[in-house]
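Peer 1: Coordinates in target-v3.tsv, TSV, C-alpha atoms and all ligand atoms, are listed below.
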```tsv
chain	number	residue	atom	x	y	z
Y	1	MET	CA	17.05	38.43	24.66
Y	2	ALA	CA	17.80	34.87	23.52
Y	3	LEU	CA	16.22	33.81	20.21
Y	4	PRO	CA	13.61	31.03	20.45
Y	5	ALA	CA	15.02	27.59	19.66
Y	6	PHE	CA	12.09	26.80	17.33
Y	7	PRO	CA	10.16	29.01	14.93
Y	8	VAL	CA	6.96	30.43	16.41
Y	9	GLY	CA	3.54	31.52	15.10
Y	10	GLN	CA	3.29	32.12	11.35
Y	11	ASP	CA	7.00	31.38	10.98
Y	12	LEU	CA	6.23	27.71	11.56
Y	13	ILE	CA	4.71	27.54	8.11
Y	14	HIS	CA	8.10	28.41	6.61
Y	15	ASP	CA	9.95	25.74	8.56
Y	16	GLN	CA	10.38	22.66	6.39
Y	17	GLN	CA	11.00	20.14	9.19
Y	18	TRP	CA	7.98	21.34	11.16
Y	19	LEU	CA	5.78	21.16	8.04
Y	20	ILE	CA	6.98	17.64	7.26
Y	21	SER	CA	6.21	16.37	10.76
Y	22	GLU	CA	2.80	18.09	10.84
Y	23	ILE	CA	1.86	16.74	7.39
Y	24	THR	CA	2.86	13.25	8.53
Y	25	ARG	CA	0.79	13.61	11.71
Y	26	LEU	CA	-2.28	15.06	9.97
Y	27	LYS	CA	-2.17	12.48	7.19
Y	28	LYS	CA	-2.29	9.74	9.81
Y	29	ALA	CA	-4.99	11.47	11.86
Y	30	ARG	CA	-7.22	11.82	8.77
Y	31	GLY	CA	-6.47	8.30	7.52
Y	32	ALA	CA	-5.53	9.97	4.22
Y	33	VAL	CA	-3.61	8.52	1.31
Y	34	LEU	CA	-1.19	10.96	-0.35
Y	35	LEU	CA	-0.68	10.47	-4.09
Y	36	ALA	CA	1.97	12.52	-5.89
Y	37	HIS	CA	3.23	13.01	-9.43
Y	38	TYR	CA	6.97	13.02	-10.22
Y	39	TYR	CA	6.84	16.75	-11.03
Y	40	GLN	CA	6.14	17.67	-7.40
Y	41	GLU	CA	8.97	19.02	-5.28
Y	42	GLY	CA	11.15	16.31	-3.75
Y	43	ALA	CA	9.91	16.79	-0.16
Y	44	ILE	CA	6.30	16.20	-1.29
Y	45	GLN	CA	7.31	13.07	-3.24
Y	46	ASP	CA	9.05	11.77	-0.09
Y	47	LEU	CA	5.86	12.26	1.96
Y	48	ALA	CA	3.66	10.46	-0.57
Y	49	ASP	CA	2.29	6.95	-0.16
Y	50	PHE	CA	2.54	6.51	-3.91
Y	51	VAL	CA	4.37	8.39	-6.69
Y	52	GLY	CA	3.69	7.57	-10.33
Y	53	ASP	CA	2.78	8.61	-13.86
Y	54	SER	CA	-0.78	9.58	-14.79
Y	55	LEU	CA	-1.94	6.04	-15.51
Y	56	GLU	CA	-0.42	4.58	-12.36
Y	57	LEU	CA	-1.87	7.42	-10.29
Y	58	ALA	CA	-5.32	6.78	-11.76
Y	59	ARG	CA	-5.04	3.10	-10.84
Y	60	ALA	CA	-3.72	3.97	-7.35
Y	61	ALA	CA	-6.64	6.38	-6.79
Y	62	LYS	CA	-9.16	3.75	-7.88
Y	63	ARG	CA	-7.82	1.12	-5.49
Y	64	ALA	CA	-7.13	3.52	-2.57
Y	65	ASN	CA	-8.94	2.19	0.44
Y	66	ALA	CA	-9.10	5.47	2.36
Y	67	SER	CA	-11.76	8.04	3.19
Y	68	THR	CA	-9.46	10.85	1.98
Y	69	ILE	CA	-7.12	11.08	-1.01
Y	70	VAL	CA	-4.79	14.08	-1.00
Y	71	PHE	CA	-3.62	14.58	-4.55
Y	72	CYS	CA	-0.35	16.39	-5.15
Y	73	GLY	CA	-0.46	16.85	-8.88
Y	74	VAL	CA	-2.62	19.00	-11.14
Y	75	ARG	CA	-6.39	19.40	-11.04
Y	76	PHE	CA	-7.23	17.03	-13.90
Y	77	MET	CA	-5.38	14.26	-12.00
Y	78	ALA	CA	-7.40	14.94	-8.84
Y	79	GLU	CA	-10.57	14.94	-10.96
Y	80	VAL	CA	-9.64	11.50	-12.28
Y	81	ALA	CA	-9.18	10.31	-8.68
Y	82	LYS	CA	-12.68	11.57	-7.81
Y	83	ILE	CA	-14.22	10.04	-10.96
Y	84	LEU	CA	-12.70	6.63	-10.22
Y	85	ASN	CA	-13.14	6.69	-6.44
Y	86	PRO	CA	-16.30	8.75	-5.74
Y	87	ASP	CA	-16.67	7.65	-2.13
Y	88	ALA	CA	-13.34	9.19	-1.16
Y	89	GLU	CA	-13.02	12.86	-0.31
Y	90	VAL	CA	-10.38	14.19	-2.76
Y	91	LEU	CA	-8.26	17.14	-1.62
Y	92	LEU	CA	-5.91	19.16	-3.84
Y	93	PRO	CA	-3.64	21.74	-2.15
Y	94	ASP	CA	-4.34	24.33	-4.88
Y	95	LEU	CA	-7.41	24.11	-7.12
Y	96	GLU	CA	-5.70	26.52	-9.55
Y	97	ALA	CA	-3.15	23.81	-10.43
Y	98	GLY	CA	-4.30	23.54	-14.04
Y	99	CYS	CA	-2.54	22.43	-17.22
Y	100	SER	CA	-1.89	24.30	-20.48
Y	101	LEU	CA	-3.21	21.32	-22.46
Y	102	GLU	CA	-6.50	21.41	-20.57
Y	103	GLU	CA	-6.69	25.18	-21.13
Y	104	SER	CA	-6.14	24.75	-24.88
Y	105	CYS	CA	-9.27	22.63	-25.23
Y	106	SER	CA	-12.50	24.18	-23.98
Y	107	PRO	CA	-15.55	21.90	-23.81
Y	108	GLU	CA	-17.46	24.15	-26.25
Y	109	GLU	CA	-14.73	24.08	-28.91
Y	110	TYR	CA	-14.17	20.37	-28.36
Y	111	ARG	CA	-17.89	19.66	-28.86
Y	112	ARG	CA	-17.86	21.58	-32.17
Y	113	TRP	CA	-14.72	19.74	-33.31
Y	114	ARG	CA	-16.31	16.35	-32.59
Y	115	GLU	CA	-19.46	17.35	-34.45
Y	116	GLU	CA	-17.33	18.35	-37.46
Y	117	HIS	CA	-15.85	14.82	-37.57
Y	118	PRO	CA	-18.71	12.30	-37.48
Y	119	GLY	CA	-17.73	8.63	-37.57
Y	120	HIS	CA	-14.39	9.23	-35.81
Y	121	VAL	CA	-13.43	7.55	-32.55
Y	122	ALA	CA	-12.38	10.26	-30.09
Y	123	LEU	CA	-9.19	9.43	-28.17
Y	124	THR	CA	-8.37	12.08	-25.61
Y	125	TYR	CA	-5.20	12.54	-23.58
Y	126	ILE	CA	-5.96	12.46	-19.86
Y	127	ASN	CA	-4.62	16.08	-19.60
Y	128	CYS	CA	-8.07	17.61	-20.18
Y	129	SER	CA	-11.13	18.68	-18.18
Y	130	ALA	CA	-13.78	16.27	-16.92
Y	131	ALA	CA	-16.21	17.91	-19.37
Y	132	VAL	CA	-13.97	17.04	-22.35
Y	133	LYS	CA	-13.47	13.52	-20.99
Y	134	ALA	CA	-17.25	13.16	-20.83
Y	135	MET	CA	-17.46	13.83	-24.61
Y	136	SER	CA	-14.62	11.43	-25.48
Y	137	ASP	CA	-14.73	7.73	-26.38
Y	138	ILE	CA	-11.47	6.58	-24.79
Y	139	ILE	CA	-9.01	8.38	-22.52
Y	140	VAL	CA	-5.29	7.69	-22.99
Y	141	THR	CA	-2.10	8.59	-21.15
Y	142	SER	CA	1.45	8.75	-22.49
Y	143	SER	CA	1.98	5.19	-21.24
Y	144	SER	CA	-1.27	3.70	-22.58
Y	145	ALA	CA	-1.90	5.55	-25.86
Y	146	GLU	CA	0.12	3.35	-28.22
Y	147	THR	CA	-1.40	0.10	-26.86
Y	148	ILE	CA	-4.89	1.55	-27.20
Y	149	ILE	CA	-4.42	2.91	-30.74
Y	150	ARG	CA	-3.21	-0.53	-31.86
Y	151	GLN	CA	-6.55	-2.00	-30.70
Y	152	ILE	CA	-8.62	0.37	-32.86
Y	153	PRO	CA	-9.60	-1.15	-36.23
Y	154	VAL	CA	-7.43	0.36	-39.01
Y	155	GLU	CA	-10.47	1.51	-40.98
Y	156	THR	CA	-11.76	3.62	-38.06
Y	157	PRO	CA	-10.63	7.26	-38.27
Y	158	ILE	CA	-9.28	8.76	-35.03
Y	159	LEU	CA	-9.59	12.21	-33.47
Y	160	PHE	CA	-6.79	12.93	-31.01
Y	161	ALA	CA	-6.86	15.84	-28.52
Y	162	PRO	CA	-5.41	17.97	-27.06
Y	163	ASP	CA	-1.60	17.46	-27.43
Y	164	ARG	CA	-0.43	17.76	-31.02
Y	165	HIS	CA	3.17	16.72	-30.23
Y	166	LEU	CA	2.09	13.53	-28.44
Y	167	GLY	CA	-0.39	12.96	-31.29
Y	168	ALA	CA	2.31	13.38	-33.97
Y	169	TYR	CA	4.65	11.05	-32.04
Y	170	LEU	CA	1.89	8.41	-31.85
Y	171	GLU	CA	1.24	8.76	-35.58
Y	172	ARG	CA	4.92	8.02	-36.22
Y	173	VAL	CA	5.15	4.96	-33.93
Y	174	THR	CA	1.82	3.39	-34.89
Y	175	GLY	CA	1.71	4.41	-38.58
Y	176	ARG	CA	-1.89	5.63	-38.03
Y	177	SER	CA	-2.79	9.09	-39.18
Y	178	MET	CA	-5.12	10.98	-36.84
Y	179	VAL	CA	-6.90	14.32	-36.82
Y	180	LEU	CA	-4.97	16.31	-34.19
Y	181	TRP	CA	-6.15	19.08	-31.87
Y	182	PRO	CA	-3.56	21.90	-31.90
Y	183	GLY	CA	-2.75	22.04	-28.13
Y	184	THR	CA	0.72	21.91	-26.56
Y	185	CYS	CA	2.32	21.65	-23.12
Y	186	ILE	CA	3.98	24.99	-22.32
Y	187	VAL	CA	6.74	23.17	-20.45
Y	188	HIS	CA	7.75	20.46	-22.95
Y	189	GLU	CA	7.32	22.80	-25.90
Y	190	GLN	CA	10.08	25.03	-24.46
Y	191	PHE	CA	12.90	22.50	-24.59
Y	192	SER	CA	15.57	23.73	-26.94
Y	193	ALA	CA	16.97	21.32	-29.55
Y	194	LYS	CA	19.99	23.64	-29.86
Y	195	ALA	CA	20.71	23.41	-26.12
Y	196	LEU	CA	20.26	19.62	-26.25
Y	197	MET	CA	22.72	19.38	-29.18
Y	198	GLU	CA	25.25	21.43	-27.20
Y	199	LEU	CA	24.80	19.15	-24.16
Y	200	LYS	CA	25.30	16.09	-26.37
Y	201	VAL	CA	28.58	17.57	-27.62
Y	202	ASP	CA	29.73	18.23	-24.04
Y	203	HIS	CA	28.58	14.76	-22.86
Y	204	PRO	CA	29.10	12.42	-25.83
Y	205	ASP	CA	28.41	9.25	-23.76
Y	206	ALA	CA	25.17	10.54	-22.23
Y	207	ALA	CA	21.84	8.90	-23.06
Y	208	VAL	CA	18.85	11.16	-23.78
Y	209	ALA	CA	15.37	10.53	-22.35
Y	210	ALA	CA	12.38	12.64	-23.44
Y	211	HIS	CA	8.67	12.83	-22.75
Y	212	PRO	CA	6.45	12.53	-25.87
Y	213	GLU	CA	4.92	15.96	-25.16
Y	214	CYS	CA	8.21	17.39	-26.56
Y	215	PRO	CA	8.36	18.58	-30.18
Y	216	ASP	CA	9.80	16.23	-32.80
Y	217	ALA	CA	13.14	18.12	-32.93
Y	218	ILE	CA	13.78	16.93	-29.33
Y	219	LEU	CA	12.32	13.43	-29.75
Y	220	ALA	CA	14.51	12.85	-32.81
Y	221	LEU	CA	17.58	13.23	-30.55
Y	222	ALA	CA	16.30	10.91	-27.80
Y	223	ASP	CA	17.42	7.36	-27.00
Y	224	HIS	CA	14.16	6.81	-25.12
Y	225	VAL	CA	10.74	8.44	-25.45
Y	226	GLY	CA	8.00	7.61	-22.96
Y	227	SER	CA	5.93	8.45	-19.91
Y	228	THR	CA	7.56	9.68	-16.72
Y	229	SER	CA	7.59	6.17	-15.21
Y	230	SER	CA	9.08	4.68	-18.37
Y	231	ILE	CA	11.81	7.34	-18.30
Y	232	LEU	CA	12.54	6.36	-14.72
Y	233	ARG	CA	12.83	2.68	-15.68
Y	234	PHE	CA	15.08	3.65	-18.62
Y	235	VAL	CA	17.64	5.49	-16.48
Y	236	GLN	CA	17.71	2.60	-13.98
Y	237	GLN	CA	18.27	-0.05	-16.64
Y	238	HIS	CA	20.48	1.72	-19.23
Y	239	PRO	CA	24.26	1.27	-18.79
Y	240	ALA	CA	25.06	4.98	-19.36
Y	241	THR	CA	26.16	6.95	-16.30
Y	242	THR	CA	25.04	10.38	-17.55
Y	243	PHE	CA	21.54	11.19	-18.80
Y	244	LEU	CA	20.12	14.29	-20.47
Y	245	ILE	CA	16.54	14.67	-19.28
Y	246	ALA	CA	13.93	16.36	-21.49
Y	247	THR	CA	10.99	16.39	-19.12
Y	248	GLU	CA	10.05	18.35	-16.01
Y	249	PRO	CA	13.09	18.22	-13.67
Y	250	GLY	CA	11.04	17.27	-10.57
Y	251	ILE	CA	11.53	13.66	-11.72
Y	252	ILE	CA	15.30	13.94	-11.15
Y	253	HIS	CA	14.58	13.58	-7.42
Y	254	GLN	CA	13.38	9.98	-7.99
Y	255	MET	CA	16.19	9.31	-10.47
Y	256	GLU	CA	18.80	10.22	-7.88
Y	257	ARG	CA	17.09	7.95	-5.34
Y	258	LEU	CA	16.62	4.99	-7.66
Y	259	ALA	CA	19.82	5.22	-9.71
Y	260	PRO	CA	22.38	6.57	-7.22
Y	261	GLY	CA	25.80	7.35	-8.66
Y	262	LYS	CA	24.38	8.31	-12.07
Y	263	LYS	CA	24.31	11.91	-13.26
Y	264	PHE	CA	21.13	13.60	-14.53
Y	265	ILE	CA	21.31	16.84	-16.47
Y	266	PRO	CA	18.04	18.69	-17.16
Y	267	VAL	CA	17.72	19.97	-20.73
Y	268	PRO	CA	17.13	23.72	-20.44
Y	269	GLY	CA	14.18	25.60	-21.87
Y	270	GLY	CA	14.43	28.09	-24.72
Y	271	SER	CA	15.84	31.25	-23.15
Y	272	GLY	CA	18.25	29.50	-20.76
Y	273	GLU	CA	17.44	32.10	-18.08
Y	274	CYS	CA	13.84	31.36	-17.21
Y	275	ALA	CA	12.68	28.36	-15.22
Y	276	CYS	CA	10.52	27.37	-18.18
Y	277	ASN	CA	11.40	23.69	-17.93
Y	278	THR	CA	9.52	23.52	-14.60
Y	279	CYS	CA	5.73	23.19	-14.64
Y	280	PRO	CA	4.19	26.29	-13.01
Y	281	TYR	CA	0.93	24.41	-12.42
Y	282	MET	CA	2.50	21.42	-10.67
Y	283	LYS	CA	4.62	23.74	-8.56
Y	284	ARG	CA	1.53	25.50	-7.15
Y	285	ASN	CA	1.47	22.69	-4.59
Y	286	THR	CA	3.90	23.40	-1.76
Y	287	LEU	CA	4.57	21.92	1.67
Y	288	ALA	CA	2.78	24.94	3.18
Y	289	ASN	CA	-0.48	24.52	1.24
Y	290	LEU	CA	-0.32	20.73	1.59
Y	291	TYR	CA	-0.20	21.31	5.34
Y	292	THR	CA	-3.18	23.73	5.39
Y	293	CYS	CA	-5.10	21.42	3.05
Y	294	LEU	CA	-4.69	18.49	5.46
Y	295	ARG	CA	-5.40	20.71	8.46
Y	296	ASP	CA	-8.60	22.27	7.02
Y	297	GLY	CA	-9.87	19.50	4.72
Y	298	GLN	CA	-9.92	22.12	1.94
Y	299	PRO	CA	-9.74	22.72	-1.02
Y	300	ARG	CA	-11.92	19.74	-1.91
Y	301	LEU	CA	-12.53	18.53	-5.43
Y	302	GLU	CA	-16.25	18.19	-6.25
Y	303	LEU	CA	-17.87	17.05	-9.50
Y	304	PRO	CA	-21.56	16.89	-10.45
Y	305	GLU	CA	-22.56	13.21	-10.38
Y	306	GLU	CA	-23.91	13.24	-13.95
Y	307	LEU	CA	-20.62	14.63	-15.28
Y	308	ARG	CA	-18.64	12.14	-13.19
Y	309	LEU	CA	-20.56	9.21	-14.65
Y	310	GLN	CA	-20.12	10.50	-18.21
Y	311	ALA	CA	-16.37	10.96	-17.70
Y	312	LEU	CA	-16.08	7.55	-16.02
Y	313	ARG	CA	-16.97	5.56	-19.17
Y	314	PRO	CA	-13.97	6.59	-21.35
Y	315	LEU	CA	-11.64	6.26	-18.35
Y	316	GLU	CA	-12.86	2.73	-17.65
Y	317	ARG	CA	-12.34	1.87	-21.31
Y	318	MET	CA	-8.70	2.96	-20.97
Y	319	LEU	CA	-8.21	0.84	-17.84
Y	320	ALA	CA	-9.80	-2.17	-19.51
Y	321	MET	CA	-7.62	-1.79	-22.63
Y	322	THR	CA	-4.30	-1.61	-20.74
Y	323	ALA	CA	-2.78	-4.20	-18.46
Y	324	PRO	CA	-1.16	-2.70	-15.36
Y	325	THR	CA	2.65	-2.39	-15.82
Y	326	PRO	CA	4.95	-3.21	-12.91
Y	327	VAL	CA	5.11	-0.07	-10.81
Y	328	VAL	CA	8.51	1.62	-10.28
Y	329	ALA	CA	9.64	0.92	-6.72
Y	330	THR	CA	10.07	4.20	-4.85
Y	331	ASP	CA	11.20	2.76	-1.51
P	401	LIG	P1	2.93	11.17	-17.38
P	401	LIG	O1	1.64	10.43	-17.51
P	401	LIG	O2	3.99	10.65	-18.31
P	401	LIG	O3	3.39	11.21	-15.96
P	401	LIG	O4	2.71	12.68	-17.87
P	401	LIG	C1	1.94	13.61	-17.18
P	401	LIG	C2	2.20	14.98	-17.60
P	401	LIG	O5	1.46	15.89	-17.32
P	401	LIG	C3	3.41	15.22	-18.38
P	401	LIG	O6	3.53	16.59	-18.60
P	402	LIG	FE1	0.28	20.13	-18.15
P	402	LIG	FE2	2.70	20.36	-19.22
P	402	LIG	FE3	2.39	20.78	-16.62
P	402	LIG	FE4	2.19	18.28	-17.62
P	402	LIG	S1	4.02	19.59	-17.57
P	402	LIG	S2	0.80	19.25	-16.14
P	402	LIG	S3	1.24	18.72	-19.60
P	402	LIG	S4	1.50	22.01	-18.29
```
Would you mind giving the structure from this file in structure tokens?
Peer 2:
Amino acid sequence: MALPAFPVGQDLIHDQQWLISEITRLKKARGAVLLAHYYQEGAIQDLADFVGDSLELARAAKRANASTIVFCGVRFMAEVAKILNPDAEVLLPDLEAGCSLEESCSPEEYRRWREEHPGHVALTYINCSAAVKAMSDIIVTSSSAETIIRQIPVETPILFAPDRHLGAYLERVTGRSMVLWPGTCIVHEQFSAKALMELKVDHPDAAVAAHPECPDAILALADHVGSTSSILRFVQQHPATTFLIATEPGIIHQMERLAPGKKFIPVPGGSGECACNTCPYMKRNTLANLYTCLRDGQPRLELPEELRLQALRPLERMLAMTAPTPVVATD
């Protein structure tokens, strides 16, 4: 018997081309806007209407003029979309797409920590739950934190949660000391300074770009430290032809599109064998669950209105304290 020319039944869900055309069709049929972070797989980034860093994605969600936002990122990013654009239905292919920084900072512990530090202004990295946002004064991202800290009067003490590496980096660049929450990103914490040194020996002309969630031993070796979008701008503008990348390697997809002809080498994680430089939370979103999410209108992100309004205030402060930067062209 001849084999069917196209996959049939359940097999369709494993066929990439079929999934891509169905996602495109369903997105149009729903009038949905698809927002994606750079750590998503390349095929998802290619399907997105907008790809950006956390701050740009927050701004894109706020201005999205659509009844449905499908968010391909992690849950806290989809929560931000819902907080800033409550009239839109916000879908996330996998509600379990969390973040180790969010997990490190429970609302109960955060509340106690704030109470132990009266008189401090509470700056909180956007990688946290809506409940922690609701107890914070100002939300920051890797691209907005430095600008915001510089606007806080020098005599005002600062609490910074939950990423201690980003916090320590900001202390160094701004000269402000802050009380730091002890959280870390399980992905960026894994990058090995030894492996990076070895790569630098093998590629002496390469430039190094790192995300500020990395420990200081990595940042000290970097030519550029910044948010995912700033790293993307760096590799486009820098004259080097080889780059060592100390952030989640999903971003290399955009680098290859926007800086063709250049070479991008991901810095490996600690053991060299594991895939510990990829974010297991971001990678919970796949073409298959993006397809079922658009087909079924589920899973949907919901937030109690009171919590949404409390979390909105510190997010709006961040947006008001940072001018939009030119967005990296992805077309
Ligand atoms: P960016 O805001 O730089 O995209 O960072 C998001 C993130 O989760 C990095 O791990
Ligand atoms: Fe969270 Fe790290 Fe994944 Fe970013 S890379 S979403 S900080 S676990």
Peer 1: Enter the distance from atom CA of Y:Ile245 to atom CA of Y:Val267, in Å, rounded to one decimal.
Peer 2: 5.6 Å
Peer 1: Give me, as a count of residues only, the set of residues whose atoms come within 9 Å of any atom of ligand LIG 402 (chain P), counting only C-alpha atoms and all ligand atoms.
Peer 2: 31
Peer 1: So, with all atoms listed in the file as the atoms that count, which of Y:Ala32, Y:Ile44, Y:Cys105, Y:Ala220 lies closest to Y:Gln16?
Peer 2: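 So, comparing all the options, the nearest one is Y:Ile44.
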Peer 1: Provide the atom CA of Y:Val140 to atom CA of Y:Ala207 distance in Å, to one decimal place.
Peer 2: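 Interatomic distance here is 27.2 Å.
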Peer 1: Pick out the closest residue to Y:Val154 from this set: Y:Gly175, Y:Ala134, Y:Tyr169, Y:His117. Count only C-alpha atoms.
Peer 2: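 For Y:Val154, the nearest of the candidates is Y:Gly175.
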Peer 1: What are the nearest atom pairs, with distances in Å to one decimal, for all residues of stretch 60-132 of chain Y that come at most 8 Å from stretch 305-308 of chain Y, using all atoms listed in the file, set out by chain and rising residue number as a tab-separated table?
Peer 2:
```
residue	atom	partner	partner_atom	distance
Y:Ile83	CA	Y:Arg308	CA	5.4
Y:Ala130	CA	Y:Leu307	CA	7.2
Y:Ala131	CA	Y:Leu307	CA	6.9
```
Peer 1: Complete the atom set of stretch 107-115 of chain Y to all heavy atoms and return it as a CSV table (one decimal), keeping the file's coordinate frame.
Peer 2:
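As a result, out14.csv now contains:
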```csv
chain,number,residue,atom,x,y,z
Y,107,PRO,N,-14.5,22.9,-23.5
Y,107,PRO,CA,-15.6,21.9,-23.8
Y,107,PRO,C,-16.4,22.4,-25.0
Y,107,PRO,O,-16.8,21.5,-25.8
Y,107,PRO,CB,-16.4,21.8,-22.5
Y,107,PRO,CG,-15.5,22.3,-21.4
Y,107,PRO,CD,-14.5,23.2,-22.0
Y,108,GLU,N,-16.6,23.7,-25.1
Y,108,GLU,CA,-17.5,24.2,-26.2
Y,108,GLU,C,-16.8,23.9,-27.6
Y,108,GLU,O,-17.4,23.4,-28.5
Y,108,GLU,CB,-17.7,25.7,-26.1
Y,108,GLU,CG,-18.5,26.1,-24.8
Y,108,GLU,CD,-17.7,26.0,-23.6
Y,108,GLU,OE1,-16.4,26.1,-23.6
Y,108,GLU,OE2,-18.2,25.7,-22.5
Y,109,GLU,N,-15.5,24.3,-27.6
Y,109,GLU,CA,-14.7,24.1,-28.9
Y,109,GLU,C,-14.6,22.6,-29.2
Y,109,GLU,O,-14.6,22.2,-30.4
Y,109,GLU,CB,-13.3,24.7,-28.8
Y,109,GLU,CG,-13.4,26.2,-28.9
Y,109,GLU,CD,-12.0,26.9,-28.6
Y,109,GLU,OE1,-11.4,26.5,-27.6
Y,109,GLU,OE2,-11.6,27.6,-29.5
Y,110,TYR,N,-14.4,21.8,-28.2
Y,110,TYR,CA,-14.2,20.4,-28.4
Y,110,TYR,C,-15.5,19.8,-28.9
Y,110,TYR,O,-15.4,18.9,-29.8
Y,110,TYR,CB,-13.8,19.7,-27.1
Y,110,TYR,CG,-13.5,18.2,-27.3
Y,110,TYR,CD1,-12.3,17.8,-27.8
Y,110,TYR,CD2,-14.5,17.3,-27.0
Y,110,TYR,CE1,-12.1,16.4,-28.1
Y,110,TYR,CE2,-14.3,15.9,-27.2
Y,110,TYR,CZ,-13.0,15.5,-27.8
Y,110,TYR,OH,-12.8,14.2,-28.0
Y,111,ARG,N,-16.6,20.2,-28.4
Y,111,ARG,CA,-17.9,19.7,-28.9
Y,111,ARG,C,-18.1,20.0,-30.4
Y,111,ARG,O,-18.4,19.1,-31.1
Y,111,ARG,CB,-19.0,20.3,-28.1
Y,111,ARG,CG,-20.4,19.7,-28.5
Y,111,ARG,CD,-21.5,20.5,-27.8
Y,111,ARG,NE,-21.5,20.5,-26.4
Y,111,ARG,CZ,-21.9,19.5,-25.6
Y,111,ARG,NH1,-22.4,18.4,-26.2
Y,111,ARG,NH2,-21.8,19.6,-24.3
Y,112,ARG,N,-17.7,21.2,-30.7
Y,112,ARG,CA,-17.9,21.6,-32.2
Y,112,ARG,C,-17.0,20.7,-33.0
Y,112,ARG,O,-17.3,20.2,-34.1
Y,112,ARG,CB,-17.5,23.1,-32.4
Y,112,ARG,CG,-18.7,24.0,-32.2
Y,112,ARG,CD,-18.4,25.3,-32.9
Y,112,ARG,NE,-17.3,26.0,-32.3
Y,112,ARG,CZ,-17.4,26.7,-31.2
Y,112,ARG,NH1,-18.5,26.9,-30.5
Y,112,ARG,NH2,-16.3,27.4,-30.8
Y,113,TRP,N,-15.7,20.5,-32.6
Y,113,TRP,CA,-14.7,19.7,-33.3
Y,113,TRP,C,-15.2,18.3,-33.5
Y,113,TRP,O,-15.1,17.7,-34.6
Y,113,TRP,CB,-13.4,19.8,-32.5
Y,113,TRP,CG,-12.2,19.3,-33.2
Y,113,TRP,CD1,-11.6,19.8,-34.3
Y,113,TRP,CD2,-11.3,18.2,-32.7
Y,113,TRP,NE1,-10.4,19.1,-34.6
Y,113,TRP,CE2,-10.2,18.2,-33.6
Y,113,TRP,CE3,-11.4,17.3,-31.7
Y,113,TRP,CZ2,-9.2,17.2,-33.5
Y,113,TRP,CZ3,-10.4,16.4,-31.5
Y,113,TRP,CH2,-9.3,16.3,-32.5
Y,114,ARG,N,-15.8,17.7,-32.5
Y,114,ARG,CA,-16.3,16.4,-32.6
Y,114,ARG,C,-17.4,16.3,-33.6
Y,114,ARG,O,-17.5,15.4,-34.4
Y,114,ARG,CB,-16.8,15.9,-31.2
Y,114,ARG,CG,-15.8,15.1,-30.4
Y,114,ARG,CD,-16.3,13.9,-29.8
Y,114,ARG,NE,-16.5,12.8,-30.6
Y,114,ARG,CZ,-16.8,11.6,-30.3
Y,114,ARG,NH1,-16.9,11.3,-29.0
Y,114,ARG,NH2,-16.9,10.6,-31.1
Y,115,GLU,N,-18.3,17.3,-33.5
Y,115,GLU,CA,-19.5,17.4,-34.4
Y,115,GLU,C,-19.0,17.5,-35.9
Y,115,GLU,O,-19.6,17.0,-36.8
Y,115,GLU,CB,-20.4,18.5,-34.1
Y,115,GLU,CG,-21.2,18.1,-32.8
Y,115,GLU,CD,-22.0,19.3,-32.2
Y,115,GLU,OE1,-21.9,20.5,-32.8
Y,115,GLU,OE2,-22.6,19.1,-31.2
```
